[in-house]
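A.B. asks: Below is the structure I would like to discuss, written out as C-alpha cells.
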Amino acid sequence: MSLFEKFKIGLEKSSTDLSKGFKNIFSKRKIDSEVLSEFEDLLISSDTGIEVAQEIRKNFETFKIDKNLNDHKEILKLVAEKMAIDLLKYEKDLTKLGNAHTAVIVVSGVNGVGKTTTIGKIGKFFKDNNKSVVFGAADTFRAAAIDQLQLWATKVRVDIIKSKAGSDPASVAFKTAEFAKKNKIDIALIDTAGRLQNKKNLMEEYKKIINVLKKVDSTFPNETIMVLDATTGQNAIGQVEEFSKIHNLTGLIITKLDTTAKGGVVLAICKKYNLPIVAIGLGEKDNDLHPFRAEFFAKALLGLES
Ligand SMILES: Nc1nc2c(ncn2[C@@H]2O[C@H](COP(=O)(O)OP(=O)(O)O)[C@@H](O)[C@H]2O)c(=O)[nH]1
Ligand SMILES: [Mg+2]
C-alpha cells in the first residue's frame, strides 16, 4: 500500500465530513461571499481554528480561479494544493532525529495522548533501519506505565532502562542517557509522565530531567518531542502552550488521526507554533506511525482520490 493510501485510509473519518461539506457548499453554485463564509465555517468545524480558516478563505479569494468554476473537485484540488504548500515547511523525517551519534529524545505530552505507544513505534522504526535503540522508562508514576514500555521493548527487541514505580524519573533519564553514551547506542527514547493535576511538579520534573541529561552530555537532549492527541482538537493547542513553557520543544507527533479526530487541528497547531511534525499516528499497531507528508495529508484530509 502506498503512503498516500495509508493517509487516505487513516484520515477517512476526518475527511468524510469535510469533503461532504465541500461538496454541498460548492456544488452548482457560484462562489460568492456567502459560499465563502460557509466554507470558512466548515474549516472551523474541522478544528483548524478561526485564524487558519480566515487565512484559507483569504487565500481562496485571491486564487486565480474562475469564480464561476462549478466543479467542486477542481476547487478541492486547488485548496489542497495551497494547503500542501503551506504545510510543507513542517515536514520533518524521523530519520533526521538520529543524526547525532547518540541522540537522546525526550518524549512529553499529557496522559493518554499516546507517548508510550509512539515510543514503541519509533523504536521499531529505528530497529528496522538498523539503529540501536534504548528506551528509558521515566514515567515512574504508575507501575503499569513501566510494564507497558517493557512490553514494547520486548516486542521490538530493544534495551530498556527502568526502575521501580514511584522512583525518581530524572534518575531513570540519567541512567538511560549514560547507558546510551557508554554503549554508543544510536537512539535513546525517554518516556515521561504526563499528568497535569499538579502542574508545578510536572514542570519541575521536566526541568530536572533535562538538567540531568545535560550532565551526561551537554548536547543532550537532542530532541524534545511533544505528542498530541488529534481527538482533543483545540485543547491540543493549550497543551503545547503549557509544555513549551517548561522546555524548548523541537517537534511534534500527532496521534490518533485515524479516529474521528478532526484533522484540521494539525493546521492550527503548525501555524501557531511553527514546529515541525516529526510523525503522525494512524493506528495502534507498531507500523502505524508515518512521516508527515504535507501533500498527502492535505489531499487525504479533503477526501481527494489521488
Ligand atoms: N487509534 C489510535 N490509537 C492510538 C494511537 N496512538 C496511541 N493510541 C492509543 O492511545 C492509548 C493511550 O496510549 P499511551 O501510549 O498509553 O499514551 P500515554 O499515556 O501518552 O503514554 C492506547 O490505547 C494506545 O493504543 C494512534 O495513532 N491511533
Ligand atoms: Mg505512557
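So you can find residues: chains in the C-alpha cells are A, B, ... in the order shown, residues in each start at 1, and ligands are numbered from 1 in order.
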May I have the residues within 7 Å of region 292-303 of chain A as a PyMOL selection string, using only C-alpha atoms and disregarding those fewer than 4 positions away in the same chain?

C.D. replies: chain A and resi 4+7-8+11+14-16+18-19+76+80+83-84+87-88+91+263+277-280

A.B. asks: Please identify every residue of chain A that has at least one atom no farther than 10 Å from an atom of ligand 2, counting only C-alpha atoms and all ligand atoms, and for each give the shortest atom pair and the distance in Å to one decimal, arranged by chain then increasing number, as a tab-separated table.

C.D. replies:
residue	atom	partner	partner_atom_place_in_ligand_line	distance
A:Val107	CA	ligand 2	1 (Mg)	9.8
A:Ser108	CA	ligand 2	1 (Mg)	9.4
A:Gly109	CA	ligand 2	1 (Mg)	9.2
A:Val110	CA	ligand 2	1 (Mg)	9.0
A:Asn111	CA	ligand 2	1 (Mg)	6.9
A:Gly112	CA	ligand 2	1 (Mg)	6.7
A:Val113	CA	ligand 2	1 (Mg)	8.2
A:Gly114	CA	ligand 2	1 (Mg)	6.6
A:Lys115	CA	ligand 2	1 (Mg)	5.3
A:Thr116	CA	ligand 2	1 (Mg)	4.2
A:Thr117	CA	ligand 2	1 (Mg)	7.2
A:Thr118	CA	ligand 2	1 (Mg)	9.1
A:Ile119	CA	ligand 2	1 (Mg)	9.0
A:Ala137	CA	ligand 2	1 (Mg)	9.0
A:Ala138	CA	ligand 2	1 (Mg)	9.5
A:Asp139	CA	ligand 2	1 (Mg)	6.7
A:Thr140	CA	ligand 2	1 (Mg)	9.6
A:Phe141	CA	ligand 2	1 (Mg)	9.6
A:Arg142	CA	ligand 2	1 (Mg)	9.1
A:Ala144	CA	ligand 2	1 (Mg)	8.6
A:Ala145	CA	ligand 2	1 (Mg)	5.3
A:Ile146	CA	ligand 2	1 (Mg)	8.0
A:Asp147	CA	ligand 2	1 (Mg)	9.7
A:Gln148	CA	ligand 2	1 (Mg)	7.4
A:Leu149	CA	ligand 2	1 (Mg)	7.5
A:Asp191	CA	ligand 2	1 (Mg)	6.9
A:Thr192	CA	ligand 2	1 (Mg)	7.0
A:Ala193	CA	ligand 2	1 (Mg)	6.6
A:Gly194	CA	ligand 2	1 (Mg)	7.6
A:Arg195	CA	ligand 2	1 (Mg)	9.9

A.B. asks: As a PyMOL selection string, which residues of region 18-78 of chain A does DSSP assign to alpha helix (DSSP H)?

C.D. replies: chain A and resi 18-26+33-45+50-62+72-78

A.B. asks: For ligand 1, which residue among A:Lys285, A:Lys256, A:Lys175, A:Lys181 is the nearest when counting only C-alpha atoms and all ligand atoms?

C.D. replies: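 Closest candidate: A:Lys256.
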
A.B. asks: Tell me, which residues of region 164-226 of chain A carry DSSP strand (DSSP E), written as a PyMOL selection string?

C.D. replies: chain A and resi 187-192+223-226

A.B. asks: Could you state the separation of CA of Glu55 (chain A) and CA of Tyr90 (chain A) in Å, given to one decimal place?

C.D. replies: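 The value is 17.5 Å.
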
A.B. asks: Would you pick out the contacts of Lys23 (chain A) at 10 Å or less, using only C-alpha atoms, so that residues sharing its chain but fewer than 5 positions from it are not included, and give the list as a list in words?

C.D. replies: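 Non-adjacent residues within range: Asp17, Leu18, Lys28, Asp71, His72, Lys73, Ile75 and Leu76 of chain A.
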
A.B. asks: Grab the CA of Thr154 (chain A) to CA of Gly120 (chain A) distance for me, in Å with one decimal place.

C.D. replies: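 A separation of 9.7 Å between them.
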
A.B. asks: For a quick check of understanding, using only C-alpha atoms and all ligand atoms, which of A:Phe60, A:Phe26, A:Trp152, A:Phe220 has the smallest distance to ligand 1?

C.D. replies: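 Of A:Phe60, A:Phe26, A:Trp152, A:Phe220, the one nearest ligand 1 is A:Trp152, counting only C-alpha atoms and all ligand atoms.
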
A.B. asks: List the neighbours of region 259-262 of chain A out to 6 Å using only C-alpha atoms; skip same-chain residues closer than 6 positions along the sequence, and give me the result as a list in words.

C.D. replies: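 Residues near the query, excluding close chain neighbours: Lys13, Ser14, Ser46, Asp47, Ala230 and Thr231 of chain A.
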
A.B. asks: Pick from A:Ala170, A:Gly10, A:Leu94, A:Ile31: nearest to ligand 1, with only C-alpha atoms and all ligand atoms counted?

C.D. replies: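 The closest residue to ligand 1 is A:Gly10.
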
A.B. asks: Interatomic distance between CA of Lys124 (chain A) and CA of Glu242 (chain A)?

C.D. replies: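 Here the two named atoms are 29.4 Å from each other.
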
A.B. asks: Leaving out Gln54 (chain A) and any residue of its chain fewer than 5 positions from it, which residues lie within 12 Å of it when counting only C-alpha atoms, given as number ranges by chain?

C.D. replies: A: 36-44, 48-49, 59-61, 268

A.B. asks: Would you please work out which residue, of A:Asn24, A:Asn248, A:Asn130, A:Thr102, is nearest to Lys207 (chain A) when using only C-alpha atoms?

C.D. replies: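 Closest candidate: A:Asn248.
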